[in-house]
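Raw model_33.cif, mmCIF, C-alpha atoms:
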```cif
data_work
loop_
_atom_site.group_PDB
_atom_site.id
_atom_site.type_symbol
_atom_site.label_atom_id
_atom_site.label_comp_id
_atom_site.auth_asym_id
_atom_site.auth_seq_id
_atom_site.Cartn_x
_atom_site.Cartn_y
_atom_site.Cartn_z
ATOM 1 C CA MET A 10 0.000 0.000 0.000
ATOM 2 C CA THR A 11 1.418 3.383 -0.995
ATOM 3 C CA VAL A 12 1.464 6.010 1.737
ATOM 4 C CA THR A 13 0.224 9.389 0.498
ATOM 5 C CA ILE A 14 1.826 12.677 1.492
ATOM 6 C CA ALA A 15 -1.239 13.540 3.589
ATOM 7 C CA GLU A 16 -1.091 10.276 5.593
ATOM 8 C CA ARG A 17 2.634 10.067 6.268
ATOM 9 C CA SER A 18 4.588 11.460 9.199
ATOM 10 C CA PRO A 19 6.271 14.843 8.642
ATOM 11 C CA TYR A 20 9.544 13.429 10.033
ATOM 12 C CA VAL A 21 12.007 10.892 8.660
ATOM 13 C CA GLY A 22 15.109 9.150 9.941
ATOM 14 C CA ILE A 23 18.156 9.597 7.723
ATOM 15 C CA ARG A 24 21.391 7.636 7.864
ATOM 16 C CA PHE A 25 24.623 9.027 6.427
ATOM 17 C CA GLN A 26 26.679 5.852 6.848
ATOM 18 C CA LYS A 27 25.829 2.201 6.370
ATOM 19 C CA LEU A 28 25.947 1.508 10.115
ATOM 20 C CA GLY A 29 25.442 5.055 11.337
ATOM 21 C CA LYS A 30 22.786 6.306 13.737
ATOM 22 C CA LEU A 31 19.517 7.826 12.531
ATOM 23 C CA TYR A 32 19.102 11.586 12.431
ATOM 24 C CA HIS A 33 15.681 13.206 12.301
ATOM 25 C CA PHE A 34 14.757 15.646 9.554
ATOM 26 C CA LYS A 35 11.515 17.274 8.505
ATOM 27 C CA VAL A 36 9.767 16.633 5.192
ATOM 28 C CA GLU A 37 8.053 19.577 3.548
ATOM 29 C CA GLU A 38 4.476 19.089 2.363
ATOM 30 C CA ASP A 39 5.385 19.437 -1.308
ATOM 31 C CA GLN A 40 8.254 16.917 -1.156
ATOM 32 C CA ASP A 41 7.604 13.396 -2.390
ATOM 33 C CA ILE A 42 9.979 11.440 -0.202
ATOM 34 C CA SER A 43 9.897 7.667 0.415
ATOM 35 C CA PRO A 44 12.065 5.273 2.440
ATOM 36 C CA GLY A 45 15.105 4.278 0.406
ATOM 37 C CA ASP A 46 15.441 7.653 -1.323
ATOM 38 C CA TYR A 47 18.727 9.548 -1.157
ATOM 39 C CA VAL A 48 18.393 13.177 -0.142
ATOM 40 C CA VAL A 49 20.570 16.228 0.445
ATOM 41 C CA VAL A 50 20.369 17.914 3.848
ATOM 42 C CA SER A 51 22.210 20.662 5.674
ATOM 43 C CA THR A 52 24.242 19.613 8.742
ATOM 44 C CA ARG A 53 26.877 21.064 11.051
ATOM 45 C CA ARG A 54 29.501 19.815 8.612
ATOM 46 C CA GLY A 55 27.920 21.322 5.536
ATOM 47 C CA ARG A 56 25.569 19.713 3.045
ATOM 48 C CA GLN A 57 25.480 15.927 3.284
ATOM 49 C CA LEU A 58 23.913 13.149 1.264
ATOM 50 C CA GLY A 59 22.008 10.521 3.232
ATOM 51 C CA GLN A 60 19.444 7.786 2.776
ATOM 52 C CA VAL A 61 15.909 7.935 4.135
ATOM 53 C CA ILE A 62 15.412 4.830 6.284
ATOM 54 C CA ALA A 63 11.895 5.261 7.644
ATOM 55 C CA PHE A 64 9.184 7.711 8.651
ATOM 56 C CA ILE A 65 9.363 8.620 12.341
ATOM 57 C CA ASN A 66 6.380 8.839 14.669
ATOM 58 C CA PRO A 67 5.988 12.535 15.624
ATOM 59 C CA ASP A 68 5.697 11.498 19.301
ATOM 60 C CA GLU A 69 9.265 10.117 19.149
ATOM 61 C CA VAL A 70 10.729 13.380 17.861
ATOM 62 C CA GLN A 71 12.103 15.872 20.367
ATOM 63 C CA LYS A 72 10.226 19.013 19.451
ATOM 64 C CA ASP A 73 12.554 21.221 21.515
ATOM 65 C CA LYS A 74 15.343 20.592 19.014
ATOM 66 C CA ASN A 75 15.697 22.666 15.882
ATOM 67 C CA ILE A 76 14.913 19.989 13.307
ATOM 68 C CA LYS A 77 16.019 20.988 9.836
ATOM 69 C CA ALA A 78 14.097 20.227 6.684
ATOM 70 C CA ILE A 79 15.280 18.141 3.749
ATOM 71 C CA GLU A 80 16.654 20.405 1.022
ATOM 72 C CA ARG A 81 15.955 18.164 -1.968
ATOM 73 C CA LYS A 82 16.146 14.699 -3.424
ATOM 74 C CA ALA A 83 19.572 13.599 -4.578
ATOM 75 C CA THR A 84 20.128 13.595 -8.327
ATOM 76 C CA PRO A 85 21.998 10.916 -10.307
ATOM 77 C CA ARG A 86 24.891 13.375 -10.538
ATOM 78 C CA ASP A 87 24.995 13.672 -6.736
ATOM 79 C CA LEU A 88 25.292 9.887 -6.390
ATOM 80 C CA VAL A 89 28.059 9.703 -8.988
ATOM 81 C CA MET A 90 29.988 12.546 -7.335
ATOM 82 C CA LYS A 91 29.712 10.760 -3.991
ATOM 83 C CA GLN A 92 31.359 7.666 -5.509
ATOM 84 C CA VAL A 93 34.092 9.790 -7.102
ATOM 85 C CA TRP A 94 35.002 11.451 -3.805
ATOM 86 C CA GLU A 95 34.924 8.113 -1.983
ATOM 87 C CA THR A 96 37.706 6.855 -4.264
ATOM 88 C CA LYS A 97 39.895 9.728 -3.040
ATOM 89 C CA GLU A 98 39.486 9.010 0.666
ATOM 90 C CA LEU A 99 42.329 6.491 0.951
ATOM 91 C CA ASP A 100 44.828 8.904 -0.637
ATOM 92 C CA ALA A 101 43.599 11.628 1.715
ATOM 93 C CA LEU A 102 44.185 9.375 4.720
ATOM 94 C CA ILE A 103 47.725 8.520 3.575
ATOM 95 C CA THR A 104 48.493 12.210 3.085
ATOM 96 C CA CYS A 105 47.107 12.959 6.551
ATOM 97 C CA ARG A 106 49.410 10.390 8.150
ATOM 98 C CA GLU A 107 52.418 11.744 6.261
ATOM 99 C CA LYS A 108 51.681 15.321 7.365
ATOM 100 C CA ALA A 109 51.174 14.173 10.953
ATOM 101 C CA HIS A 110 54.588 12.506 10.890
ATOM 102 C CA GLU A 111 56.199 15.680 9.487
ATOM 103 C CA LEU A 112 54.610 17.731 12.279
ATOM 104 C CA GLY A 113 55.760 15.293 14.955
ATOM 105 C CA ILE A 114 52.259 14.104 15.875
ATOM 106 C CA GLU A 115 53.009 10.500 16.817
ATOM 107 C CA ASP A 116 50.590 9.722 19.667
ATOM 108 C CA ALA A 117 47.441 9.651 17.534
ATOM 109 C CA LYS A 118 45.998 7.018 15.229
ATOM 110 C CA PHE A 119 44.403 8.388 12.056
ATOM 111 C CA VAL A 120 41.993 5.717 10.859
ATOM 112 C CA LYS A 121 39.572 7.167 8.337
ATOM 113 C CA ALA A 122 39.156 10.027 5.890
ATOM 114 C CA GLU A 123 35.637 10.853 4.744
ATOM 115 C CA TYR A 124 34.581 13.365 2.084
ATOM 116 C CA SER A 125 31.146 14.908 1.830
ATOM 117 C CA PHE A 126 29.296 13.976 -1.355
ATOM 118 C CA ASP A 127 30.386 17.169 -3.116
ATOM 119 C CA GLY A 128 33.935 17.339 -1.716
ATOM 120 C CA ALA A 129 33.234 20.515 0.259
ATOM 121 C CA TRP A 130 34.194 18.869 3.566
ATOM 122 C CA LEU A 131 36.882 16.377 4.531
ATOM 123 C CA THR A 132 36.512 14.687 7.915
ATOM 124 C CA ILE A 133 39.523 12.958 9.494
ATOM 125 C CA HIS A 134 38.682 10.412 12.198
ATOM 126 C CA TYR A 135 41.443 9.869 14.745
ATOM 127 C CA ALA A 136 41.916 8.288 18.168
ATOM 128 C CA THR A 137 44.341 9.202 20.921
ATOM 129 C CA GLU A 138 44.787 8.825 24.670
ATOM 130 C CA ASN A 139 46.536 12.182 24.894
ATOM 131 C CA LYS A 140 43.736 14.548 25.894
ATOM 132 C CA LYS A 141 46.012 17.559 25.448
ATOM 133 C CA LEU A 142 46.990 16.692 21.882
ATOM 134 C CA ASN A 143 46.788 19.729 19.596
ATOM 135 C CA VAL A 144 45.821 18.794 16.030
ATOM 136 C CA ARG A 145 45.230 22.354 14.860
ATOM 137 C CA PRO A 146 48.562 22.549 12.977
ATOM 138 C CA LEU A 147 47.671 19.348 11.124
ATOM 139 C CA GLN A 148 44.198 20.660 10.324
ATOM 140 C CA LYS A 149 45.648 23.846 8.843
ATOM 141 C CA ALA A 150 48.216 21.890 6.827
ATOM 142 C CA LEU A 151 45.533 19.610 5.366
ATOM 143 C CA THR A 152 43.339 22.605 4.535
ATOM 144 C CA ARG A 153 46.168 24.046 2.451
ATOM 145 C CA VAL A 154 46.863 20.723 0.716
ATOM 146 C CA PHE A 155 43.282 19.774 -0.166
ATOM 147 C CA ARG A 156 41.868 23.311 -0.426
ATOM 148 C CA THR A 157 38.676 22.304 1.354
ATOM 149 C CA LYS A 158 37.229 22.516 4.848
ATOM 150 C CA VAL A 159 38.825 19.930 7.134
ATOM 151 C CA ASP A 160 37.163 18.639 10.287
ATOM 152 C CA MET A 161 39.293 16.684 12.802
ATOM 153 C CA ARG A 162 36.982 14.281 14.629
ATOM 154 C CA LEU A 163 38.159 12.539 17.810
ATOM 155 C CA ILE A 164 36.592 9.083 18.256
ATOM 156 C CA GLY A 165 36.504 6.664 21.194
ATOM 157 C CA PRO A 166 37.716 3.051 21.472
ATOM 158 C CA ARG A 167 34.376 1.568 20.398
ATOM 159 C CA ASP A 168 34.158 3.717 17.264
ATOM 160 C CA LEU A 169 37.787 2.886 16.501
ATOM 161 C CA ALA A 170 37.046 -0.851 16.640
ATOM 162 C CA LYS A 171 33.981 -0.303 14.463
ATOM 163 C CA ILE A 172 36.028 1.392 11.745
ATOM 164 C CA LEU A 173 38.919 -1.075 11.843
ATOM 165 C CA GLY A 174 36.635 -4.133 11.752
ATOM 166 C CA GLY A 175 38.105 -7.586 12.217
ATOM 167 C CA TYR A 176 36.960 -10.524 14.316
ATOM 168 C CA GLY A 177 35.835 -10.737 17.919
ATOM 169 C CA ALA A 178 36.802 -13.251 20.587
ATOM 170 C CA CYS A 179 33.887 -15.464 19.480
ATOM 171 C CA GLY A 180 35.502 -15.922 16.064
ATOM 172 C CA ALA A 181 32.795 -14.000 14.195
ATOM 173 C CA PRO A 182 33.114 -10.507 12.649
ATOM 174 C CA ARG A 183 32.747 -7.779 15.252
ATOM 175 C CA CYS A 184 29.156 -6.819 16.008
ATOM 176 C CA CYS A 185 29.968 -3.112 15.796
ATOM 177 C CA SER A 186 31.276 -3.553 12.239
ATOM 178 C CA THR A 187 28.379 -5.659 10.983
ATOM 179 C CA PHE A 188 25.032 -4.539 12.410
ATOM 180 C CA LEU A 189 25.274 -2.249 15.471
ATOM 181 C CA THR A 190 24.232 1.314 14.672
ATOM 182 C CA GLU A 191 24.518 2.629 18.243
ATOM 183 C CA PHE A 192 26.414 1.552 21.357
ATOM 184 C CA SER A 193 24.292 0.626 24.377
ATOM 185 C CA PRO A 194 25.532 1.155 27.959
ATOM 186 C CA VAL A 195 27.156 -2.019 29.337
ATOM 187 C CA SER A 196 27.796 -2.740 33.031
ATOM 188 C CA ILE A 197 29.507 -5.389 35.155
ATOM 189 C CA ARG A 198 26.101 -6.280 36.582
ATOM 190 C CA MET A 199 25.056 -7.654 33.199
ATOM 191 C CA ALA A 200 27.946 -10.106 33.272
ATOM 192 C CA LYS A 201 27.135 -11.148 36.853
ATOM 193 C CA GLU A 202 23.472 -11.811 36.055
ATOM 194 C CA GLN A 203 24.491 -14.115 33.196
ATOM 195 C CA GLY A 204 27.079 -15.992 35.221
ATOM 196 C CA VAL A 205 29.949 -14.835 33.010
ATOM 197 C CA SER A 206 33.428 -14.938 34.530
ATOM 198 C CA LEU A 207 34.532 -11.439 35.523
ATOM 199 C CA SER A 208 38.078 -11.943 34.266
ATOM 200 C CA PRO A 209 39.096 -9.250 31.738
ATOM 201 C CA GLN A 210 39.659 -11.895 29.054
ATOM 202 C CA GLU A 211 36.021 -13.005 29.295
ATOM 203 C CA ILE A 212 34.165 -9.684 29.440
ATOM 204 C CA THR A 213 36.439 -7.290 27.534
ATOM 205 C CA GLY A 214 36.124 -6.764 23.796
ATOM 206 C CA MET A 215 38.844 -5.940 21.275
ATOM 207 C CA CYS A 216 38.221 -2.244 21.963
ATOM 208 C CA GLY A 217 39.240 -2.651 25.606
ATOM 209 C CA ARG A 218 35.709 -1.960 26.834
ATOM 210 C CA LEU A 219 32.997 -4.320 28.100
ATOM 211 C CA ARG A 220 31.665 -6.495 25.293
ATOM 212 C CA CYS A 221 28.523 -5.221 23.577
ATOM 213 C CA CYS A 222 27.112 -8.766 23.468
ATOM 214 C CA LEU A 223 26.621 -8.699 27.253
ATOM 215 C CA VAL A 224 23.509 -6.609 26.548
ATOM 216 C CA TYR A 225 21.846 -9.024 24.145
ATOM 217 C CA GLU A 226 20.470 -11.616 26.600
ATOM 218 C CA TYR A 227 20.576 -9.610 29.824
ATOM 219 C CA GLU A 228 16.826 -8.897 30.037
ATOM 220 C CA GLN A 229 15.985 -12.543 29.254
ATOM 221 C CA TYR A 230 18.286 -13.709 32.043
ATOM 222 C CA VAL A 231 16.725 -11.306 34.542
ATOM 223 C CA ALA A 232 13.186 -12.363 33.584
ATOM 224 C CA ALA A 233 14.031 -16.092 33.687
ATOM 225 C CA LYS A 234 15.740 -15.847 37.072
ATOM 226 C CA LYS A 235 12.556 -14.486 38.622
ATOM 227 C CA THR A 236 10.911 -17.898 38.071
ATOM 228 C CA LEU A 237 13.840 -19.945 39.413
ATOM 229 C CA PRO A 238 15.037 -20.263 43.043
ATOM 230 C CA LYS A 239 18.249 -18.492 43.967
ATOM 231 C CA THR A 240 21.485 -20.193 44.945
ATOM 232 C CA GLY A 241 21.350 -21.379 48.571
ATOM 233 C CA LYS A 242 17.568 -21.894 48.651
ATOM 234 C CA ARG A 243 16.179 -25.140 50.087
ATOM 235 C CA VAL A 244 13.859 -26.865 47.622
ATOM 236 C CA GLY A 245 11.982 -30.094 47.187
ATOM 237 C CA THR A 246 12.750 -32.330 44.212
ATOM 238 C CA PRO A 247 11.711 -35.778 42.926
ATOM 239 C CA TYR A 248 14.973 -37.024 44.474
ATOM 240 C CA GLY A 249 14.386 -35.487 47.901
ATOM 241 C CA GLU A 250 15.128 -32.184 49.637
ATOM 242 C CA GLY A 251 18.294 -30.261 48.805
ATOM 243 C CA ILE A 252 20.065 -26.933 48.419
ATOM 244 C CA VAL A 253 20.329 -25.020 45.118
ATOM 245 C CA LYS A 254 23.993 -24.811 44.128
ATOM 246 C CA ASP A 255 23.757 -23.396 40.607
ATOM 247 C CA VAL A 256 21.120 -21.789 38.368
ATOM 248 C CA ARG A 257 21.010 -22.759 34.690
ATOM 249 C CA VAL A 258 18.843 -20.055 33.171
ATOM 250 C CA LEU A 259 18.941 -21.159 29.540
ATOM 251 C CA ARG A 260 17.958 -24.731 30.513
ATOM 252 C CA ASP A 261 15.258 -23.471 32.906
ATOM 253 C CA SER A 262 16.737 -25.659 35.639
ATOM 254 C CA VAL A 263 18.898 -25.640 38.766
ATOM 255 C CA MET A 264 21.585 -27.912 40.166
ATOM 256 C CA VAL A 265 20.508 -29.238 43.566
ATOM 257 C CA GLN A 266 22.722 -30.940 46.144
ATOM 258 C CA LEU A 267 20.810 -33.475 48.241
ATOM 259 C CA GLU A 268 21.461 -34.201 51.920
ATOM 260 C CA ASN A 269 23.499 -37.270 50.963
ATOM 261 C CA GLY A 270 25.773 -35.121 48.768
ATOM 262 C CA GLU A 271 24.371 -36.186 45.386
ATOM 263 C CA MET A 272 23.955 -33.534 42.688
ATOM 264 C CA HIS A 273 20.935 -33.526 40.365
ATOM 265 C CA GLU A 274 19.696 -31.197 37.643
ATOM 266 C CA VAL A 275 16.075 -30.346 38.371
ATOM 267 C CA PHE A 276 13.815 -28.447 35.976
ATOM 268 C CA ARG A 277 11.529 -25.663 37.142
ATOM 269 C CA HIS A 278 8.270 -27.618 36.887
ATOM 270 C CA GLU A 279 9.759 -30.315 39.181
ATOM 271 C CA LEU A 280 10.712 -27.941 42.010
ATOM 272 C CA GLU A 281 8.873 -27.291 45.265
ATOM 273 C CA PRO A 282 9.735 -24.039 47.100
ATOM 274 C CA LEU A 283 9.928 -25.513 50.590
ATOM 275 C CA GLU A 284 10.867 -22.306 52.392
ATOM 276 C CA GLU A 285 7.917 -20.424 50.898
ATOM 277 C CA LEU A 286 5.508 -23.269 51.648
ATOM 278 C CA GLU A 287 6.688 -23.475 55.257
ATOM 279 C CA ALA A 288 6.278 -19.710 55.653
ATOM 280 C CA LEU A 289 2.677 -19.920 54.401
ATOM 281 C CA LYS A 290 1.974 -22.832 56.760
ATOM 282 C CA ARG A 291 3.290 -20.902 59.790
ATOM 283 C CA LYS A 292 1.187 -17.901 58.831
ATOM 284 C CA ALA A 293 -1.927 -20.028 58.526
ATOM 285 C CA GLU A 294 -1.332 -21.716 61.913
ATOM 286 C CA ALA A 295 -0.743 -18.375 63.648
ATOM 287 C CA GLY A 296 -4.402 -17.433 63.268
ATOM 288 C CA CYS A 297 -5.798 -13.933 62.951
ATOM 289 C CA SER A 298 -3.482 -11.105 63.943
ATOM 290 C CA LYS A 299 -6.078 -8.340 63.505
ATOM 291 C CA HIS A 300 -8.598 -9.504 66.127
ATOM 292 C CA GLU A 301 -6.431 -10.949 68.907
ATOM 293 C CA ASN A 302 -8.870 -9.977 71.708
ATOM 294 C CA GLY A 303 -11.743 -11.972 70.306
ATOM 295 C CA GLY A 304 -14.691 -11.122 68.142
ATOM 296 C CA CYS A 305 -12.897 -12.370 65.032
ATOM 297 C CA ASP A 306 -15.147 -12.880 62.011
ATOM 298 C CA CYS A 307 -12.492 -13.171 59.241
ATOM 299 C CA GLY A 308 -12.438 -16.982 59.344
ATOM 300 C CA ALA A 309 -8.795 -17.477 60.403
ATOM 301 C CA LYS A 310 -8.247 -19.974 63.209
#
```
I need this file expressed as C-alpha cells, please.
Amino acid sequence: MTVTIAERSPYVGIRFQKLGKLYHFKVEEDQDISPGDYVVVSTRRGRQLGQVIAFINPDEVQKDKNIKAIERKATPRDLVMKQVWETKELDALITCREKAHELGIEDAKFVKAEYSFDGAWLTIHYATENKKLNVRPLQKALTRVFRTKVDMRLIGPRDLAKILGGYGACGAPRCCSTFLTEFSPVSIRMAKEQGVSLSPQEITGMCGRLRCCLVYEYEQYVAAKKTLPKTGKRVGTPYGEGIVKDVRVLRDSVMVQLENGEMHEVFRHELEPLEELEALKRKAEAGCSKHENGGCDCGAK
C-alpha cells in the first residue's frame, strides 16, 4: 500500500553511513519522499547526502530541538559525485598520516578520511589517549593541501574498533562492524546476572571496553531468574530435599545438592519451594493477627 503525502509522518530518519545512527529531519508538504530515497540535507559539517530509512512517529521526535528540513532529493549526478570522492578518501588518509609525521604528531591514530558527497568537507577520524593533543597545525596543513574545509573528529575506542573491523573473541566478525548502529551502555552487573566470569579476558572486547554482546540476553536472564530459586535456597525435588547450588537459566533448571551429597539437575516444573511453603503454613497456623482480643469474624483460626 502506498502512503500518500497527507497520511505520512512529517519526520524521517536519515542515515549518512551504512551503520550510522539515525538523524531526524523534517519533510516539507510538497516533497515526495519515500524510504530508500537519497536526499541532500544541511548539517553542522555542511551539506550531506544521506538515505531515508523510515518515517518517524511525531511522538518520538524531540520538538525542543531545531529539526532541519530536507533540502531536496539527490540527483543521479549527486550519487556519482559521492562515488568519485569516496575513491579519493584512501589517498587523503595517507596524506594525513604523512603530514602528521612531518609535524611530529606521533601519539594519535588516524583511521579514516571521509569526504562529503560534493567534496566541500573532509573529515579525518582519529583516536588518541593524549587529551592535550593539539591537532590544529595538522588541520591547517591539510586545509592548504586539499583546499577544502577539514574537520578533525576525535573518536573513542568503540568507534575505533567499528572502523577497523576484524573478528571478535567469538571468532565472528565484530558486532559493531556488521550490524550495530549505536552503542548501548554495558555494566559489570550484566555479566554477573548471566554468570559470566569477571576476568578481563572473558568480558572485555577488542576495543578494551565491556563487550557489547553482554547486553543481548541480559533482560531474558533477569526475567528467567525471577521464576527460578536463587542459589542457597532449600527446595523439594523428585529425588528429595536439597540446596540449590547453581542456576542454569537457559535450561530453565537448577543444580541441587541433596542431603546425601548427590547432585541432580532439576527443571523448574519439578521444584517445590519448601521455604515459601513453610512460611505460608506458619502464617496459617498463627491465626488472625487483627482480632487478637476476640470477636474475630475473618475466618482465620
Once you count all atoms listed in the file, what closest atom pair and distance in Å to one decimal does each residue of stretch 141-200 of chain A within 10 Å of stretch 100-107 of chain A have, with rows by chain and rising residue number, as a Markdown table?
```
| residue | atom | partner | partner_atom | distance |
| --- | --- | --- | --- | --- |
| A:Leu147 | CA | A:Cys105 | CA | 7.9 |
| A:Gln148 | CA | A:Cys105 | CA | 9.1 |
| A:Ala150 | CA | A:Cys105 | CA | 9.0 |
| A:Leu151 | CA | A:Cys105 | CA | 6.9 |
| A:Val154 | CA | A:Thr104 | CA | 9.0 |
| A:Phe155 | CA | A:Ala101 | CA | 8.4 |
```
Those residues you just picked out, can you put them in a file as a PDB file, in the frame of the given file with C-alpha atoms?
```pdb
ATOM      1  CA  LEU A 147      47.671  19.348  11.124  1.00  0.00           C
ATOM      2  CA  GLN A 148      44.198  20.660  10.324  1.00  0.00           C
ATOM      3  CA  ALA A 150      48.216  21.890   6.827  1.00  0.00           C
ATOM      4  CA  LEU A 151      45.533  19.610   5.366  1.00  0.00           C
ATOM      5  CA  VAL A 154      46.863  20.723   0.716  1.00  0.00           C
ATOM      6  CA  PHE A 155      43.282  19.774  -0.166  1.00  0.00           C
TER       7      PHE A 155
END
```
Practice item. Check the smallest atom-to-atom distance from each of A:Glu226, A:Asp41, A:Glu279, A:Glu111 to A:Glu80 using only C-alpha atoms, then report the winner. Key: A:Asp41
Review point. Which residues fall under the PyMOL selection byres ((chain A and resi 193-201) around 9) in this file, as a PyMOL selection string?
Key: chain A and resi 191-192+202-207+212+218-224+226-228
Review point. For the atom pair atom CA of A:Leu163 and atom CA of A:Lys91, what is the interatomic distance in Å to one decimal place?
Key: 23.4 Å
Exercise for review: To one decimal in Å, tell me the separation between atom CA of A:Tyr176 and atom CA of A:Gly214.
Suggested key: 10.2 Å
Once the PyMOL selection byres ((chain A and resi 179) around 12) is applied to the coordinates I shared, what remains selected? I want it as a PDB file with C-alpha atoms, in the coordinates of the input.
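Everything below was put into part.pdb:
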```pdb
ATOM      1  CA  GLY A 175      38.105  -7.586  12.217  1.00  0.00           C
ATOM      2  CA  TYR A 176      36.960 -10.524  14.316  1.00  0.00           C
ATOM      3  CA  GLY A 177      35.835 -10.737  17.919  1.00  0.00           C
ATOM      4  CA  ALA A 178      36.802 -13.251  20.587  1.00  0.00           C
ATOM      5  CA  GLY A 180      35.502 -15.922  16.064  1.00  0.00           C
ATOM      6  CA  ALA A 181      32.795 -14.000  14.195  1.00  0.00           C
ATOM      7  CA  PRO A 182      33.114 -10.507  12.649  1.00  0.00           C
ATOM      8  CA  ARG A 183      32.747  -7.779  15.252  1.00  0.00           C
ATOM      9  CA  CYS A 184      29.156  -6.819  16.008  1.00  0.00           C
ATOM     10  CA  GLN A 210      39.659 -11.895  29.054  1.00  0.00           C
ATOM     11  CA  GLU A 211      36.021 -13.005  29.295  1.00  0.00           C
ATOM     12  CA  ILE A 212      34.165  -9.684  29.440  1.00  0.00           C
ATOM     13  CA  THR A 213      36.439  -7.290  27.534  1.00  0.00           C
ATOM     14  CA  GLY A 214      36.124  -6.764  23.796  1.00  0.00           C
ATOM     15  CA  MET A 215      38.844  -5.940  21.275  1.00  0.00           C
ATOM     16  CA  ARG A 220      31.665  -6.495  25.293  1.00  0.00           C
ATOM     17  CA  CYS A 222      27.112  -8.766  23.468  1.00  0.00           C
TER      18      CYS A 222
END
```
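Across the model, the gap from atom CA of A:Ala170 to atom CA of A:Gly59 is 23.1 Å.
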Need the shell around A:Arg17: protein/DNA/RNA residues with any atom at most 12 Å away, counting all atoms listed in the file. Skip same-chain ones fewer than 4 positions apart. Format as a CSV table (one decimal) with C-alpha atoms, in the frame of the given file?
```csv
chain,number,residue,atom,x,y,z
A,11,THR,CA,1.4,3.4,-1.0
A,12,VAL,CA,1.5,6.0,1.7
A,13,THR,CA,0.2,9.4,0.5
A,21,VAL,CA,12.0,10.9,8.7
A,35,LYS,CA,11.5,17.3,8.5
A,36,VAL,CA,9.8,16.6,5.2
A,37,GLU,CA,8.1,19.6,3.5
A,38,GLU,CA,4.5,19.1,2.4
A,40,GLN,CA,8.3,16.9,-1.2
A,41,ASP,CA,7.6,13.4,-2.4
A,42,ILE,CA,10.0,11.4,-0.2
A,43,SER,CA,9.9,7.7,0.4
A,44,PRO,CA,12.1,5.3,2.4
A,63,ALA,CA,11.9,5.3,7.6
A,64,PHE,CA,9.2,7.7,8.7
A,65,ILE,CA,9.4,8.6,12.3
A,66,ASN,CA,6.4,8.8,14.7
A,67,PRO,CA,6.0,12.5,15.6
```
Could you make a table, as a tab-separated table, of the residues of stretch 157-202 of chain A that have an atom within 9 Å of an atom of stretch 132-136 of chain A, each with its nearest atom pair and distance in Å to one decimal, counting all atoms listed in the file, in chain and number order?
```
residue	atom	partner	partner_atom	distance
A:Lys158	CA	A:Thr132	CA	8.4
A:Val159	CA	A:Thr132	CA	5.8
A:Asp160	CA	A:Thr132	CA	4.7
A:Met161	CA	A:Ile133	CA	5.0
A:Arg162	CA	A:His134	CA	4.9
A:Leu163	CA	A:Tyr135	CA	5.2
A:Ile164	CA	A:Ala136	CA	5.4
A:Gly165	CA	A:Ala136	CA	6.4
A:Pro166	CA	A:Ala136	CA	7.5
A:Leu169	CA	A:Ala136	CA	7.0
```
Exercise for review: Might you pull out every residue within 12 Å of A:Leu237, with only C-alpha atoms counted and same-chain residues fewer than 6 positions away left off, and present them as a VMD selection string?
Suggested key: chain A and resid 230 to 231 244 253 255 to 264 275 to 282
If we count all atoms listed in the file and set the cut-off at 10 Å, which residues sit around A:Lys254, ignoring sequence neighbours fewer than 3 positions away in its own chain? Please answer as a PDB file with C-alpha atoms, keeping the file's coordinate frame.
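The result, stored in result-v1.pdb:
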```pdb
ATOM      1  CA  LYS A 239      18.249 -18.492  43.967  1.00  0.00           C
ATOM      2  CA  THR A 240      21.485 -20.193  44.945  1.00  0.00           C
ATOM      3  CA  GLY A 241      21.350 -21.379  48.571  1.00  0.00           C
ATOM      4  CA  LYS A 242      17.568 -21.894  48.651  1.00  0.00           C
ATOM      5  CA  ARG A 243      16.179 -25.140  50.087  1.00  0.00           C
ATOM      6  CA  GLY A 251      18.294 -30.261  48.805  1.00  0.00           C
ATOM      7  CA  VAL A 263      18.898 -25.640  38.766  1.00  0.00           C
ATOM      8  CA  MET A 264      21.585 -27.912  40.166  1.00  0.00           C
ATOM      9  CA  VAL A 265      20.508 -29.238  43.566  1.00  0.00           C
ATOM     10  CA  GLN A 266      22.722 -30.940  46.144  1.00  0.00           C
ATOM     11  CA  MET A 272      23.955 -33.534  42.688  1.00  0.00           C
ATOM     12  CA  HIS A 273      20.935 -33.526  40.365  1.00  0.00           C
TER      13      HIS A 273
END
```
Selection result for the PyMOL selection byres ((chain A and resi 116) around 9) on this file, as a PDB file with C-alpha atoms, keeping the file's coordinate frame:
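Below is the file part.pdb, written as the result:
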```
ATOM      1  CA  GLY A 113      55.760  15.293  14.955  1.00  0.00           C
ATOM      2  CA  ILE A 114      52.259  14.104  15.875  1.00  0.00           C
ATOM      3  CA  GLU A 115      53.009  10.500  16.817  1.00  0.00           C
ATOM      4  CA  ALA A 117      47.441   9.651  17.534  1.00  0.00           C
ATOM      5  CA  LYS A 118      45.998   7.018  15.229  1.00  0.00           C
ATOM      6  CA  ALA A 136      41.916   8.288  18.168  1.00  0.00           C
ATOM      7  CA  THR A 137      44.341   9.202  20.921  1.00  0.00           C
ATOM      8  CA  GLU A 138      44.787   8.825  24.670  1.00  0.00           C
ATOM      9  CA  ASN A 139      46.536  12.182  24.894  1.00  0.00           C
ATOM     10  CA  LEU A 142      46.990  16.692  21.882  1.00  0.00           C
TER      11      LEU A 142
END
```
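If you measure from each of A:Asp168, A:Asp87, A:Asp46, A:Glu287 to A:Leu28 using only C-alpha atoms, the closest one turns out to be A:Asp168.
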Exercise for review: Please check which residues have atoms at most 10 Å from (20.4, 18.8, 6.3) in the file's coordinates, counting all atoms listed in the file, and write them as a list in words.
Suggested key: Ile23, Tyr32, His33, Phe34, Lys35, Val48, Val49, Val50, Ser51, Thr52, Arg53, Arg54, Gly55, Arg56, Gln57, Leu58, Gly59, Ile76, Lys77, Ala78, Ile79, Glu80 and Arg81 of chain A
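Using only C-alpha atoms, the protein and nucleic acid residues lying no more than 8 Å from A:Cys185, apart from those fewer than 5 places from it along its own chain, are Arg167, Ala170, Lys171, Gly174 and Thr190 of chain A.
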**Study point:** Among the residues A:Asn269, A:Thr96, A:Gln229, A:Ser208, the one that comes closest to A:Tyr124 [using all atoms listed in the file]
**Key:** A:Thr96
With 8 Å of padding per side, what axis-aligned box (centre and edge lengths, Å, one decimal) covers all the listed atoms of stretch 152-158 of chain A? Give it as AutoDock Vina command-line options.
```
--center_x 42.0 --center_y 21.9 --center_z 2.2 --size_x 25.6 --size_y 20.3 --size_z 21.3
```
